[in-house]
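Asker: The structure under discussion is supplied below as structure tokens; questions concerning it will follow.
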Amino acid sequence: MNDHYPALLIISPLLLAFIVSAMAWIRKGLCYPLAVVGSGLSAWFSVQLFATVLQKGTVDYRLGGWEAPWGIGYHVDTLNGMVLMVVSVLAFINLVATRKTVAAEFPEKEGAFYTLYLLFIVGLVGMTVTGDLFNLYVLLEVASLTSYSLIALGGGRAPLASLNYLYMGTIGGCFYLLGVGYLYIMTGSLNMADVASLLPAIYSSSAVWVAFTFCLVGVGVKMAFFPLHVWLPNAYSFAPSAVGSLIAPLMTKVMVYVMIRLMISVFSIDFTFSILKIGDPMVWLSTLAIVMGATLALAQKNLKRMFCYIIVSEIGYMVGGAWLGNASGMTGAMLHILNDALMTISLFLAAGNIYYRINGLEIAQLQGLFHRMPVTMACFVATGLSIIGVPPTCGFFSKWYLITGALEAGQYGFVGALLFSSLVNVILFFRVIEVSYYGDMQHAHGHGSPSEARAEAPAIMLVPLLILSAGLVVIGIYTGTIVNTVIDPVIPAALAR
Amino acid sequence: MSDLIPIIVAKYNYWLYIVLMMIGLYAMIAKNNLIKKLVGMNIFQTSIILFYVSMGCKRGGAGIPIIQHGPDAGHHVIDLANYVNPLPHVLMLTAIVVSVSTFGVAVALAIRIYQRYKTLEEDEILARLRSK
């Protein structure tokens with residue numbers, strides 16, 4: 001049993017997804033409990049697996065007992081152990097927290113929703129755990145297809161946004177597949193470790209460069225890296241709130257993880273930085289991503305759209321950090337995967353709670369919200385402080401590593417962009433706080449609802465949000481431990497020099 | 001120019017997939033109708049499938065690797081030159097499933113869009129969205 005955690009992690013939500021879809025025809029009431037079981041099992045196995053990895057070191061799992069270069073191998077080190085835990089635990093928390101919004105927003109489609117939800121977890125978890133390049137493509141498309149359908153569950157413009165996401169996402173997936181094809185032509189292997197051991201002899205081949213570029217562009221589309229980000233704001237802001245808080249924190253972070261995995265485990269650090277020499281252009285693109293994301297966020301009048309552009313600039317943080325070419329930058333990028341997933345899910349859950357009560361997310365509608373929903377807004381402020389980067393929240397520490405890395409690498413433009421986006425985040429969040437704290441309640445709601453009445457979200461939605469906000473501070477305090485035990489072991493030796 | 005032709009002819013399968021891919025990409029960028037874009041997307045995906053299929057092939061009459069059906073009902077030393085590499089073809093079975101399901105989801109979305117806007121022309125939809 002213990003040896004099979006990497007497979008169980010994926011199989012449990014996969015099996016339950018099919019049971020849930022069948023159950024939608026038999027007894028609708030059972031869909032949600034079954035989804036909780038599937039997601040919960042996955043979260044439990046990922047925590048166990050992470051504990052095993054921390055104790056005994058890297059876990060290599062051979063699916064069906066086939067030896068590594070021929071069969072599909074699952075490879076779990078501390079980095080993807082951490083990402084696995086983040087993905088499956090956050091998906092579980094979100095499942096619990098959004099029960100009521102799902103019941104309210106699409107009561108007829110609960111069976112379909114929970115089936116897709118579990119399949120989405122399968123895709124993300126599989127992408128993170130796998131050590132096989134083609135397997136990664138298939139699971140990437142599983143996650144993408146489910147996210148298109150989940151986004152399209154929203155009303156209004158959601159189907160159009162989802163279709164545009166589908167066009168872009170498919171091109172991204174195809175580019176990745178093409179890159180894998182070039183690698184297969186050159187090495188005859190699809191196993192990441194095997195490819196990595198075969199590549200050094202042919203680093204000078206232009207086909208390998210093309211392979212890397214195609215993979216990078218494909219992954220870049222899927223993670224909404226700046227010039228390729230156009231699908232993200234519409235898709236995530238028109239999605240139903242339960243879907244937004246699932247996809248927005250997880251999908252883009254897992255794609256950043258995939259990029260880092262390709263950089264350090266498939267193509268080595270020597271290749272990506274010394275031979276290809278695209279470190280500088282990538283950092284400048286990330287700088288642009290941060291500045292443009294922050295600037296566009298300023299122009300938004302809707303809370304969720306503002307968050308979407310914040311995600312675009314946060315992606316710039318992570319990509320830039322990974323391409324700085326030193327250990328601090330890479331540490332910052334890896335740490336920010338964890339921190340940003342937590343911050344984004346807290347933001348979107350808070351937005352979900354607000355939407356549940358006032359049915360709108362225009363910033364002008366938020367007047368007097370501190371009096372109506374004090375707990376939600378307190379969590380919102382805590383998350384905002386973390387995104388701005390106020391110590392002791394976790395956002396401060398990853399930003400600290402990123403800035404240290406940028407100074408070491410002499411990338412002052414990137415430092416400037418990080419500081420600029422922090423300042424813009426101050427404006428963004430304090431603008432919302434100002435409206436919701438000092439805004440005139442009577443003026444905004446002329447329809448006679450008692451202005452001072454507390455209308456806090458139900459406890460089942462509040463408790464997960466409170467746990468996540470507390471997590472922001474706890475992770476901030478334990479940053480040192482996390483960096484020492486989880487991130488340091490996976491930083492390649494070539495970066496540390 | 002005379003140097004270029006042998007290069008193209010020697011690896012014509014790769015050039016063909018590039019041409020197909022560009023046709024697909026052009027349709028996705030330039031076409032106004034959502035379904036035409038979808039067709040472009042399918043051409044794009046198919047070109048990559050063909051690329052994979054062609055990379056497994058070998059010249060000189062190599063067949064599928066079913067040893068039993070080879071010369072002497074399999075009682076011979078296997079010469080790799082007689083068999084194509086089956087792995088890319090198997091991979092493409094999965095990729096075909098992915099592309100079919102993507103197409104299905106996309107058509108379902110197109111139906112939802114048509115029900116809402118009564119048109120599938122992108123500029124008309126955008127005009128309708130702007131007028132609201």
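A note on labels: chains of the structure tokens are A, B, ... as shown, every chain counts residues from 1, and ligands are counted from 1 in their shown order.
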Mind listing as a PDB file with N, CA, C and O atoms, in the first residue's frame which residues of chain A are within 12 Å of chain B, counting only C-alpha atoms?
Answerer:
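Resulting contents of part02.pdb:
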ATOM      1  N   TRP A  70      11.192   2.161 -20.619  1.00  0.00           N
ATOM      2  CA  TRP A  70      10.123   1.643 -21.466  1.00  0.00           C
ATOM      3  C   TRP A  70       8.742   1.927 -20.898  1.00  0.00           C
ATOM      4  O   TRP A  70       7.857   2.375 -21.603  1.00  0.00           O
ATOM      5  N   GLY A  71       8.581   1.655 -19.604  1.00  0.00           N
ATOM      6  CA  GLY A  71       7.294   1.919 -18.988  1.00  0.00           C
ATOM      7  C   GLY A  71       7.193   3.372 -18.575  1.00  0.00           C
ATOM      8  O   GLY A  71       8.116   4.156 -18.767  1.00  0.00           O
ATOM      9  N   LEU A 133       7.429  12.319 -20.610  1.00  0.00           N
ATOM     10  CA  LEU A 133       7.072  13.535 -21.335  1.00  0.00           C
ATOM     11  C   LEU A 133       5.725  13.420 -22.035  1.00  0.00           C
ATOM     12  O   LEU A 133       4.934  14.363 -22.036  1.00  0.00           O
ATOM     13  N   PHE A 134       5.443  12.257 -22.639  1.00  0.00           N
ATOM     14  CA  PHE A 134       4.181  12.139 -23.369  1.00  0.00           C
ATOM     15  C   PHE A 134       3.005  12.005 -22.407  1.00  0.00           C
ATOM     16  O   PHE A 134       1.938  12.559 -22.631  1.00  0.00           O
ATOM     17  N   ASN A 135       3.231  11.271 -21.307  1.00  0.00           N
ATOM     18  CA  ASN A 135       2.213  11.159 -20.275  1.00  0.00           C
ATOM     19  C   ASN A 135       1.813  12.544 -19.783  1.00  0.00           C
ATOM     20  O   ASN A 135       0.637  12.833 -19.557  1.00  0.00           O
ATOM     21  N   TYR A 137       1.844  15.275 -21.516  1.00  0.00           N
ATOM     22  CA  TYR A 137       0.976  15.910 -22.517  1.00  0.00           C
ATOM     23  C   TYR A 137      -0.461  15.441 -22.350  1.00  0.00           C
ATOM     24  O   TYR A 137      -1.393  16.248 -22.361  1.00  0.00           O
ATOM     25  N   VAL A 138      -0.650  14.122 -22.179  1.00  0.00           N
ATOM     26  CA  VAL A 138      -2.006  13.590 -22.092  1.00  0.00           C
ATOM     27  C   VAL A 138      -2.717  14.168 -20.867  1.00  0.00           C
ATOM     28  O   VAL A 138      -3.859  14.626 -20.946  1.00  0.00           O
ATOM     29  N   LEU A 139      -2.011  14.191 -19.727  1.00  0.00           N
ATOM     30  CA  LEU A 139      -2.654  14.692 -18.515  1.00  0.00           C
ATOM     31  C   LEU A 139      -2.864  16.195 -18.594  1.00  0.00           C
ATOM     32  O   LEU A 139      -3.842  16.723 -18.054  1.00  0.00           O
ATOM     33  N   LEU A 140      -1.959  16.879 -19.304  1.00  0.00           N
ATOM     34  CA  LEU A 140      -2.149  18.314 -19.537  1.00  0.00           C
ATOM     35  C   LEU A 140      -3.447  18.550 -20.281  1.00  0.00           C
ATOM     36  O   LEU A 140      -4.233  19.446 -19.938  1.00  0.00           O
ATOM     37  N   GLU A 141      -3.711  17.715 -21.294  1.00  0.00           N
ATOM     38  CA  GLU A 141      -4.955  17.892 -22.045  1.00  0.00           C
ATOM     39  C   GLU A 141      -6.166  17.463 -21.217  1.00  0.00           C
ATOM     40  O   GLU A 141      -7.239  18.042 -21.363  1.00  0.00           O
ATOM     41  N   VAL A 142      -6.002  16.473 -20.325  1.00  0.00           N
ATOM     42  CA  VAL A 142      -7.120  16.116 -19.438  1.00  0.00           C
ATOM     43  C   VAL A 142      -7.484  17.319 -18.576  1.00  0.00           C
ATOM     44  O   VAL A 142      -8.657  17.709 -18.475  1.00  0.00           O
ATOM     45  N   ALA A 143      -6.457  17.937 -17.978  1.00  0.00           N
ATOM     46  CA  ALA A 143      -6.724  19.095 -17.131  1.00  0.00           C
ATOM     47  C   ALA A 143      -7.309  20.236 -17.948  1.00  0.00           C
ATOM     48  O   ALA A 143      -8.260  20.899 -17.517  1.00  0.00           O
ATOM     49  N   SER A 144      -6.778  20.462 -19.163  1.00  0.00           N
ATOM     50  CA  SER A 144      -7.270  21.589 -19.959  1.00  0.00           C
ATOM     51  C   SER A 144      -8.702  21.358 -20.408  1.00  0.00           C
ATOM     52  O   SER A 144      -9.546  22.253 -20.282  1.00  0.00           O
ATOM     53  N   LEU A 145      -9.005  20.156 -20.918  1.00  0.00           N
ATOM     54  CA  LEU A 145     -10.361  19.886 -21.399  1.00  0.00           C
ATOM     55  C   LEU A 145     -11.375  20.059 -20.284  1.00  0.00           C
ATOM     56  O   LEU A 145     -12.432  20.656 -20.479  1.00  0.00           O
ATOM     57  N   THR A 146     -11.048  19.549 -19.085  1.00  0.00           N
ATOM     58  CA  THR A 146     -12.002  19.711 -17.991  1.00  0.00           C
ATOM     59  C   THR A 146     -12.125  21.176 -17.618  1.00  0.00           C
ATOM     60  O   THR A 146     -13.219  21.637 -17.297  1.00  0.00           O
ATOM     61  N   SER A 147     -11.008  21.931 -17.704  1.00  0.00           N
ATOM     62  CA  SER A 147     -11.146  23.325 -17.306  1.00  0.00           C
ATOM     63  C   SER A 147     -11.956  24.107 -18.340  1.00  0.00           C
ATOM     64  O   SER A 147     -12.716  25.000 -17.960  1.00  0.00           O
ATOM     65  N   TYR A 148     -11.859  23.761 -19.652  1.00  0.00           N
ATOM     66  CA  TYR A 148     -12.732  24.440 -20.617  1.00  0.00           C
ATOM     67  C   TYR A 148     -14.197  24.215 -20.243  1.00  0.00           C
ATOM     68  O   TYR A 148     -15.010  25.145 -20.241  1.00  0.00           O
ATOM     69  N   SER A 149     -14.529  22.954 -19.951  1.00  0.00           N
ATOM     70  CA  SER A 149     -15.940  22.661 -19.667  1.00  0.00           C
ATOM     71  C   SER A 149     -16.379  23.309 -18.364  1.00  0.00           C
ATOM     72  O   SER A 149     -17.493  23.820 -18.267  1.00  0.00           O
ATOM     73  N   LEU A 150     -15.498  23.290 -17.355  1.00  0.00           N
ATOM     74  CA  LEU A 150     -15.871  23.889 -16.080  1.00  0.00           C
ATOM     75  C   LEU A 150     -16.116  25.384 -16.239  1.00  0.00           C
ATOM     76  O   LEU A 150     -17.084  25.932 -15.697  1.00  0.00           O
ATOM     77  N   ILE A 151     -15.248  26.053 -17.022  1.00  0.00           N
ATOM     78  CA  ILE A 151     -15.421  27.491 -17.204  1.00  0.00           C
ATOM     79  C   ILE A 151     -16.727  27.768 -17.932  1.00  0.00           C
ATOM     80  O   ILE A 151     -17.462  28.688 -17.596  1.00  0.00           O
ATOM     81  N   ALA A 152     -17.048  26.908 -18.926  1.00  0.00           N
ATOM     82  CA  ALA A 152     -18.250  27.140 -19.710  1.00  0.00           C
ATOM     83  C   ALA A 152     -19.528  26.925 -18.912  1.00  0.00           C
ATOM     84  O   ALA A 152     -20.615  27.268 -19.374  1.00  0.00           O
ATOM     85  N   LEU A 153     -19.422  26.363 -17.693  1.00  0.00           N
ATOM     86  CA  LEU A 153     -20.619  26.204 -16.869  1.00  0.00           C
ATOM     87  C   LEU A 153     -21.175  27.552 -16.435  1.00  0.00           C
ATOM     88  O   LEU A 153     -22.338  27.659 -16.058  1.00  0.00           O
ATOM     89  N   GLY A 154     -20.319  28.589 -16.436  1.00  0.00           N
ATOM     90  CA  GLY A 154     -20.799  29.910 -16.043  1.00  0.00           C
ATOM     91  C   GLY A 154     -21.753  30.455 -17.092  1.00  0.00           C
ATOM     92  O   GLY A 154     -21.718  30.051 -18.250  1.00  0.00           O
ATOM     93  N   GLY A 155     -22.584  31.392 -16.680  1.00  0.00           N
ATOM     94  CA  GLY A 155     -23.547  31.949 -17.621  1.00  0.00           C
ATOM     95  C   GLY A 155     -22.929  33.069 -18.432  1.00  0.00           C
ATOM     96  O   GLY A 155     -21.724  33.306 -18.387  1.00  0.00           O
ATOM     97  N   GLY A 156     -23.752  33.755 -19.213  1.00  0.00           N
ATOM     98  CA  GLY A 156     -23.306  34.958 -19.909  1.00  0.00           C
ATOM     99  C   GLY A 156     -22.220  34.691 -20.922  1.00  0.00           C
ATOM    100  O   GLY A 156     -22.371  33.852 -21.804  1.00  0.00           O
ATOM    101  N   ARG A 157     -21.107  35.410 -20.800  1.00  0.00           N
ATOM    102  CA  ARG A 157     -20.060  35.310 -21.806  1.00  0.00           C
ATOM    103  C   ARG A 157     -19.135  34.123 -21.581  1.00  0.00           C
ATOM    104  O   ARG A 157     -18.170  33.946 -22.322  1.00  0.00           O
ATOM    105  N   ALA A 158     -19.408  33.305 -20.554  1.00  0.00           N
ATOM    106  CA  ALA A 158     -18.475  32.222 -20.217  1.00  0.00           C
ATOM    107  C   ALA A 158     -18.194  31.272 -21.391  1.00  0.00           C
ATOM    108  O   ALA A 158     -17.030  30.957 -21.635  1.00  0.00           O
ATOM    109  N   PRO A 159     -19.225  30.801 -22.159  1.00  0.00           N
ATOM    110  CA  PRO A 159     -18.891  29.889 -23.264  1.00  0.00           C
ATOM    111  C   PRO A 159     -17.946  30.513 -24.287  1.00  0.00           C
ATOM    112  O   PRO A 159     -17.031  29.851 -24.770  1.00  0.00           O
ATOM    113  N   LEU A 160     -18.145  31.799 -24.598  1.00  0.00           N
ATOM    114  CA  LEU A 160     -17.272  32.456 -25.572  1.00  0.00           C
ATOM    115  C   LEU A 160     -15.846  32.542 -25.027  1.00  0.00           C
ATOM    116  O   LEU A 160     -14.875  32.235 -25.731  1.00  0.00           O
ATOM    117  N   ALA A 161     -15.724  32.931 -23.740  1.00  0.00           N
ATOM    118  CA  ALA A 161     -14.397  33.014 -23.130  1.00  0.00           C
ATOM    119  C   ALA A 161     -13.734  31.646 -23.129  1.00  0.00           C
ATOM    120  O   ALA A 161     -12.549  31.508 -23.409  1.00  0.00           O
ATOM    121  N   SER A 162     -14.554  30.630 -22.847  1.00  0.00           N
ATOM    122  CA  SER A 162     -14.020  29.280 -22.781  1.00  0.00           C
ATOM    123  C   SER A 162     -13.559  28.805 -24.153  1.00  0.00           C
ATOM    124  O   SER A 162     -12.524  28.150 -24.268  1.00  0.00           O
ATOM    125  N   LEU A 163     -14.324  29.170 -25.207  1.00  0.00           N
ATOM    126  CA  LEU A 163     -13.934  28.740 -26.557  1.00  0.00           C
ATOM    127  C   LEU A 163     -12.623  29.408 -26.967  1.00  0.00           C
ATOM    128  O   LEU A 163     -11.757  28.780 -27.568  1.00  0.00           O
ATOM    129  N   ASN A 164     -12.463  30.688 -26.612  1.00  0.00           N
ATOM    130  CA  ASN A 164     -11.196  31.353 -26.924  1.00  0.00           C
ATOM    131  C   ASN A 164     -10.041  30.711 -26.169  1.00  0.00           C
ATOM    132  O   ASN A 164      -8.942  30.555 -26.715  1.00  0.00           O
ATOM    133  N   TYR A 165     -10.297  30.354 -24.922  1.00  0.00           N
ATOM    134  CA  TYR A 165      -9.283  29.644 -24.131  1.00  0.00           C
ATOM    135  C   TYR A 165      -8.948  28.320 -24.798  1.00  0.00           C
ATOM    136  O   TYR A 165      -7.778  27.929 -24.888  1.00  0.00           O
ATOM    137  N   LEU A 166      -9.993  27.654 -25.332  1.00  0.00           N
ATOM    138  CA  LEU A 166      -9.769  26.362 -25.988  1.00  0.00           C
ATOM    139  C   LEU A 166      -8.868  26.506 -27.203  1.00  0.00           C
ATOM    140  O   LEU A 166      -7.942  25.723 -27.391  1.00  0.00           O
ATOM    141  N   TYR A 167      -9.114  27.549 -28.041  1.00  0.00           N
ATOM    142  CA  TYR A 167      -8.242  27.748 -29.209  1.00  0.00           C
ATOM    143  C   TYR A 167      -6.801  27.943 -28.764  1.00  0.00           C
ATOM    144  O   TYR A 167      -5.884  27.292 -29.262  1.00  0.00           O
ATOM    145  N   MET A 168      -6.607  28.859 -27.819  1.00  0.00           N
ATOM    146  CA  MET A 168      -5.240  29.159 -27.372  1.00  0.00           C
ATOM    147  C   MET A 168      -4.615  27.944 -26.696  1.00  0.00           C
ATOM    148  O   MET A 168      -3.469  27.589 -26.958  1.00  0.00           O
ATOM    149  N   GLY A 169      -5.402  27.319 -25.810  1.00  0.00           N
ATOM    150  CA  GLY A 169      -4.871  26.199 -25.049  1.00  0.00           C
ATOM    151  C   GLY A 169      -4.481  25.041 -25.948  1.00  0.00           C
ATOM    152  O   GLY A 169      -3.457  24.391 -25.729  1.00  0.00           O
ATOM    153  N   THR A 170      -5.279  24.798 -27.012  1.00  0.00           N
ATOM    154  CA  THR A 170      -4.959  23.694 -27.910  1.00  0.00           C
ATOM    155  C   THR A 170      -3.662  23.974 -28.656  1.00  0.00           C
ATOM    156  O   THR A 170      -2.829  23.086 -28.835  1.00  0.00           O
ATOM    157  N   ILE A 171      -3.477  25.236 -29.090  1.00  0.00           N
ATOM    158  CA  ILE A 171      -2.214  25.571 -29.762  1.00  0.00           C
ATOM    159  C   ILE A 171      -1.059  25.335 -28.801  1.00  0.00           C
ATOM    160  O   ILE A 171      -0.025  24.749 -29.164  1.00  0.00           O
ATOM    161  N   GLY A 172      -1.246  25.746 -27.535  1.00  0.00           N
ATOM    162  CA  GLY A 172      -0.197  25.538 -26.544  1.00  0.00           C
ATOM    163  C   GLY A 172       0.126  24.063 -26.387  1.00  0.00           C
ATOM    164  O   GLY A 172       1.293  23.659 -26.437  1.00  0.00           O
ATOM    165  N   GLY A 173      -0.922  23.252 -26.240  1.00  0.00           N
ATOM    166  CA  GLY A 173      -0.713  21.813 -26.068  1.00  0.00           C
ATOM    167  C   GLY A 173      -0.010  21.212 -27.282  1.00  0.00           C
ATOM    168  O   GLY A 173       0.893  20.392 -27.152  1.00  0.00           O
ATOM    169  N   CYS A 174      -0.421  21.671 -28.506  1.00  0.00           N
ATOM    170  CA  CYS A 174       0.184  21.131 -29.721  1.00  0.00           C
ATOM    171  C   CYS A 174       1.656  21.503 -29.800  1.00  0.00           C
ATOM    172  O   CYS A 174       2.480  20.692 -30.226  1.00  0.00           O
ATOM    173  N   PHE A 175       1.995  22.723 -29.424  1.00  0.00           N
ATOM    174  CA  PHE A 175       3.401  23.123 -29.449  1.00  0.00           C
ATOM    175  C   PHE A 175       4.214  22.249 -28.512  1.00  0.00           C
ATOM    176  O   PHE A 175       5.315  21.819 -28.843  1.00  0.00           O
ATOM    177  N   TYR A 176       3.648  21.996 -27.325  1.00  0.00           N
ATOM    178  CA  TYR A 176       4.373  21.138 -26.390  1.00  0.00           C
ATOM    179  C   TYR A 176       4.588  19.751 -27.015  1.00  0.00           C
ATOM    180  O   TYR A 176       5.686  19.194 -26.973  1.00  0.00           O
ATOM    181  N   LEU A 177       3.511  19.225 -27.648  1.00  0.00           N
ATOM    182  CA  LEU A 177       3.600  17.892 -28.266  1.00  0.00           C
ATOM    183  C   LEU A 177       4.663  17.861 -29.359  1.00  0.00           C
ATOM    184  O   LEU A 177       5.423  16.901 -29.492  1.00  0.00           O
ATOM    185  N   LEU A 178       4.723  18.958 -30.124  1.00  0.00           N
ATOM    186  CA  LEU A 178       5.709  19.059 -31.194  1.00  0.00           C
ATOM    187  C   LEU A 178       7.123  19.038 -30.609  1.00  0.00           C
ATOM    188  O   LEU A 178       8.010  18.357 -31.142  1.00  0.00           O
ATOM    189  N   GLY A 179       7.318  19.774 -29.513  1.00  0.00           N
ATOM    190  CA  GLY A 179       8.627  19.787 -28.866  1.00  0.00           C
ATOM    191  C   GLY A 179       9.016  18.396 -28.415  1.00  0.00           C
ATOM    192  O   GLY A 179      10.160  17.953 -28.619  1.00  0.00           O
ATOM    193  N   VAL A 180       8.049  17.661 -27.851  1.00  0.00           N
ATOM    194  CA  VAL A 180       8.319  16.296 -27.409  1.00  0.00           C
ATOM    195  C   VAL A 180       8.676  15.430 -28.611  1.00  0.00           C
ATOM    196  O   VAL A 180       9.564  14.579 -28.541  1.00  0.00           O
ATOM    197  N   GLY A 181       8.009  15.678 -29.764  1.00  0.00           N
ATOM    198  CA  GLY A 181       8.310  14.930 -30.982  1.00  0.00           C
ATOM    199  C   GLY A 181       9.763  15.109 -31.395  1.00  0.00           C
ATOM    200  O   GLY A 181      10.449  14.138 -31.709  1.00  0.00           O
ATOM    201  N   TYR A 182      10.240  16.360 -31.386  1.00  0.00           N
ATOM    202  CA  TYR A 182      11.643  16.612 -31.739  1.00  0.00           C
ATOM    203  C   TYR A 182      12.569  15.881 -30.779  1.00  0.00           C
ATOM    204  O   TYR A 182      13.569  15.297 -31.200  1.00  0.00           O
ATOM    205  N   LEU A 183      12.229  15.927 -29.483  1.00  0.00           N
ATOM    206  CA  LEU A 183      13.079  15.237 -28.503  1.00  0.00           C
ATOM    207  C   LEU A 183      13.094  13.744 -28.787  1.00  0.00           C
ATOM    208  O   LEU A 183      14.123  13.085 -28.663  1.00  0.00           O
ATOM    209  N   TYR A 184      11.922  13.206 -29.174  1.00  0.00           N
ATOM    210  CA  TYR A 184      11.847  11.770 -29.433  1.00  0.00           C
ATOM    211  C   TYR A 184      12.677  11.404 -30.655  1.00  0.00           C
ATOM    212  O   TYR A 184      13.354  10.371 -30.672  1.00  0.00           O
ATOM    213  N   ILE A 185      12.635  12.265 -31.689  1.00  0.00           N
ATOM    214  CA  ILE A 185      13.459  11.994 -32.872  1.00  0.00           C
ATOM    215  C   ILE A 185      14.932  11.946 -32.480  1.00  0.00           C
ATOM    216  O   ILE A 185      15.680  11.067 -32.899  1.00  0.00           O
ATOM    217  N   MET A 186      15.333  12.901 -31.624  1.00  0.00           N
ATOM    218  CA  MET A 186      16.753  13.001 -31.313  1.00  0.00           C
ATOM    219  C   MET A 186      17.228  11.923 -30.342  1.00  0.00           C
ATOM    220  O   MET A 186      18.355  11.463 -30.432  1.00  0.00           O
ATOM    221  N   GLY A 188      15.036   9.159 -28.981  1.00  0.00           N
ATOM    222  CA  GLY A 188      14.337   7.879 -29.000  1.00  0.00           C
ATOM    223  C   GLY A 188      13.779   7.481 -27.654  1.00  0.00           C
ATOM    224  O   GLY A 188      13.515   6.310 -27.413  1.00  0.00           O
ATOM    225  N   SER A 189      13.601   8.457 -26.773  1.00  0.00           N
ATOM    226  CA  SER A 189      13.096   8.124 -25.454  1.00  0.00           C
ATOM    227  C   SER A 189      12.114   9.196 -25.001  1.00  0.00           C
ATOM    228  O   SER A 189      12.139  10.330 -25.488  1.00  0.00           O
ATOM    229  N   LEU A 190      11.227   8.803 -24.107  1.00  0.00           N
ATOM    230  CA  LEU A 190      10.249   9.778 -23.599  1.00  0.00           C
ATOM    231  C   LEU A 190      10.351   9.942 -22.094  1.00  0.00           C
ATOM    232  O   LEU A 190       9.694  10.794 -21.513  1.00  0.00           O
TER     233      LEU A 190
END
Asker: Could you give me, as a list in words, the residues within 9 Å of Ser346 of chain A, counting only C-alpha atoms and dropping anything in the same chain fewer than 6 positions from it?
Answerer: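 The neighbour list is Ser245, Cys379, Phe380, Thr383, Pro464, Leu465, Leu466, Leu468 and Ser469 of chain A.
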Asker: Would you output that residue set with N, CA, C and O atoms, as a PDB file, in the first residue's frame?
Answerer:
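Done, and the output landed in selection11.pdb:
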ATOM      1  N   SER A 245     -12.099  29.659  -8.224  1.00  0.00           N
ATOM      2  CA  SER A 245     -11.199  29.427  -7.091  1.00  0.00           C
ATOM      3  C   SER A 245     -10.527  28.065  -7.188  1.00  0.00           C
ATOM      4  O   SER A 245      -9.593  27.792  -6.450  1.00  0.00           O
ATOM      5  N   CYS A 379     -10.103  38.398   6.078  1.00  0.00           N
ATOM      6  CA  CYS A 379      -9.273  37.452   5.333  1.00  0.00           C
ATOM      7  C   CYS A 379      -8.768  38.085   4.045  1.00  0.00           C
ATOM      8  O   CYS A 379      -7.619  37.889   3.637  1.00  0.00           O
ATOM      9  N   PHE A 380      -9.661  38.865   3.409  1.00  0.00           N
ATOM     10  CA  PHE A 380      -9.287  39.543   2.171  1.00  0.00           C
ATOM     11  C   PHE A 380      -8.104  40.484   2.417  1.00  0.00           C
ATOM     12  O   PHE A 380      -7.143  40.518   1.642  1.00  0.00           O
ATOM     13  N   THR A 383      -4.896  38.511   2.903  1.00  0.00           N
ATOM     14  CA  THR A 383      -4.369  38.041   1.620  1.00  0.00           C
ATOM     15  C   THR A 383      -3.761  39.189   0.837  1.00  0.00           C
ATOM     16  O   THR A 383      -2.700  39.043   0.214  1.00  0.00           O
ATOM     17  N   PRO A 464     -12.886  27.462   5.785  1.00  0.00           N
ATOM     18  CA  PRO A 464     -11.750  27.215   4.889  1.00  0.00           C
ATOM     19  C   PRO A 464     -10.953  28.485   4.584  1.00  0.00           C
ATOM     20  O   PRO A 464      -9.723  28.461   4.561  1.00  0.00           O
ATOM     21  N   LEU A 465     -11.683  29.595   4.417  1.00  0.00           N
ATOM     22  CA  LEU A 465     -11.016  30.859   4.113  1.00  0.00           C
ATOM     23  C   LEU A 465     -10.133  31.284   5.279  1.00  0.00           C
ATOM     24  O   LEU A 465      -8.986  31.722   5.093  1.00  0.00           O
ATOM     25  N   LEU A 466     -10.662  31.101   6.507  1.00  0.00           N
ATOM     26  CA  LEU A 466      -9.877  31.454   7.695  1.00  0.00           C
ATOM     27  C   LEU A 466      -8.635  30.570   7.796  1.00  0.00           C
ATOM     28  O   LEU A 466      -7.544  31.062   8.103  1.00  0.00           O
ATOM     29  N   LEU A 468      -7.036  29.130   5.361  1.00  0.00           N
ATOM     30  CA  LEU A 468      -6.059  29.511   4.341  1.00  0.00           C
ATOM     31  C   LEU A 468      -5.353  30.805   4.718  1.00  0.00           C
ATOM     32  O   LEU A 468      -4.142  30.936   4.545  1.00  0.00           O
ATOM     33  N   SER A 469      -6.116  31.782   5.269  1.00  0.00           N
ATOM     34  CA  SER A 469      -5.481  33.041   5.641  1.00  0.00           C
ATOM     35  C   SER A 469      -4.490  32.823   6.768  1.00  0.00           C
ATOM     36  O   SER A 469      -3.409  33.431   6.778  1.00  0.00           O
TER      37      SER A 469
END
Asker: I'd like the contact shell of Val83 of chain A - 10 Å cut-off, only C-alpha atoms, skipping same-chain residues fewer than 3 positions apart - returned as an NGL selection string.
Answerer: :A and (46 or 50 or 78-80 or 86-89 or 124-125 or 128-129 or 250 or 253-254 or 257 or 334 or 337-338 or 341)
Asker: Please determine, counting only C-alpha atoms, which residue among A:Trp284, A:Tyr355, A:Trp400, A:Tyr309 has the shortest atom-to-atom distance to Gly332 of chain A.
Answerer: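 Of A:Trp284, A:Tyr355, A:Trp400, A:Tyr309, the one nearest Gly332 of chain A is A:Trp400, counting only C-alpha atoms.
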Asker: Which polymer residues have any atom within 7 Å of an atom of Asp60 of chain A, counting only C-alpha atoms, with same-chain residues fewer than 4 positions away left out, as an MDAnalysis selection string?
Answerer: chainID A and resid 73:76
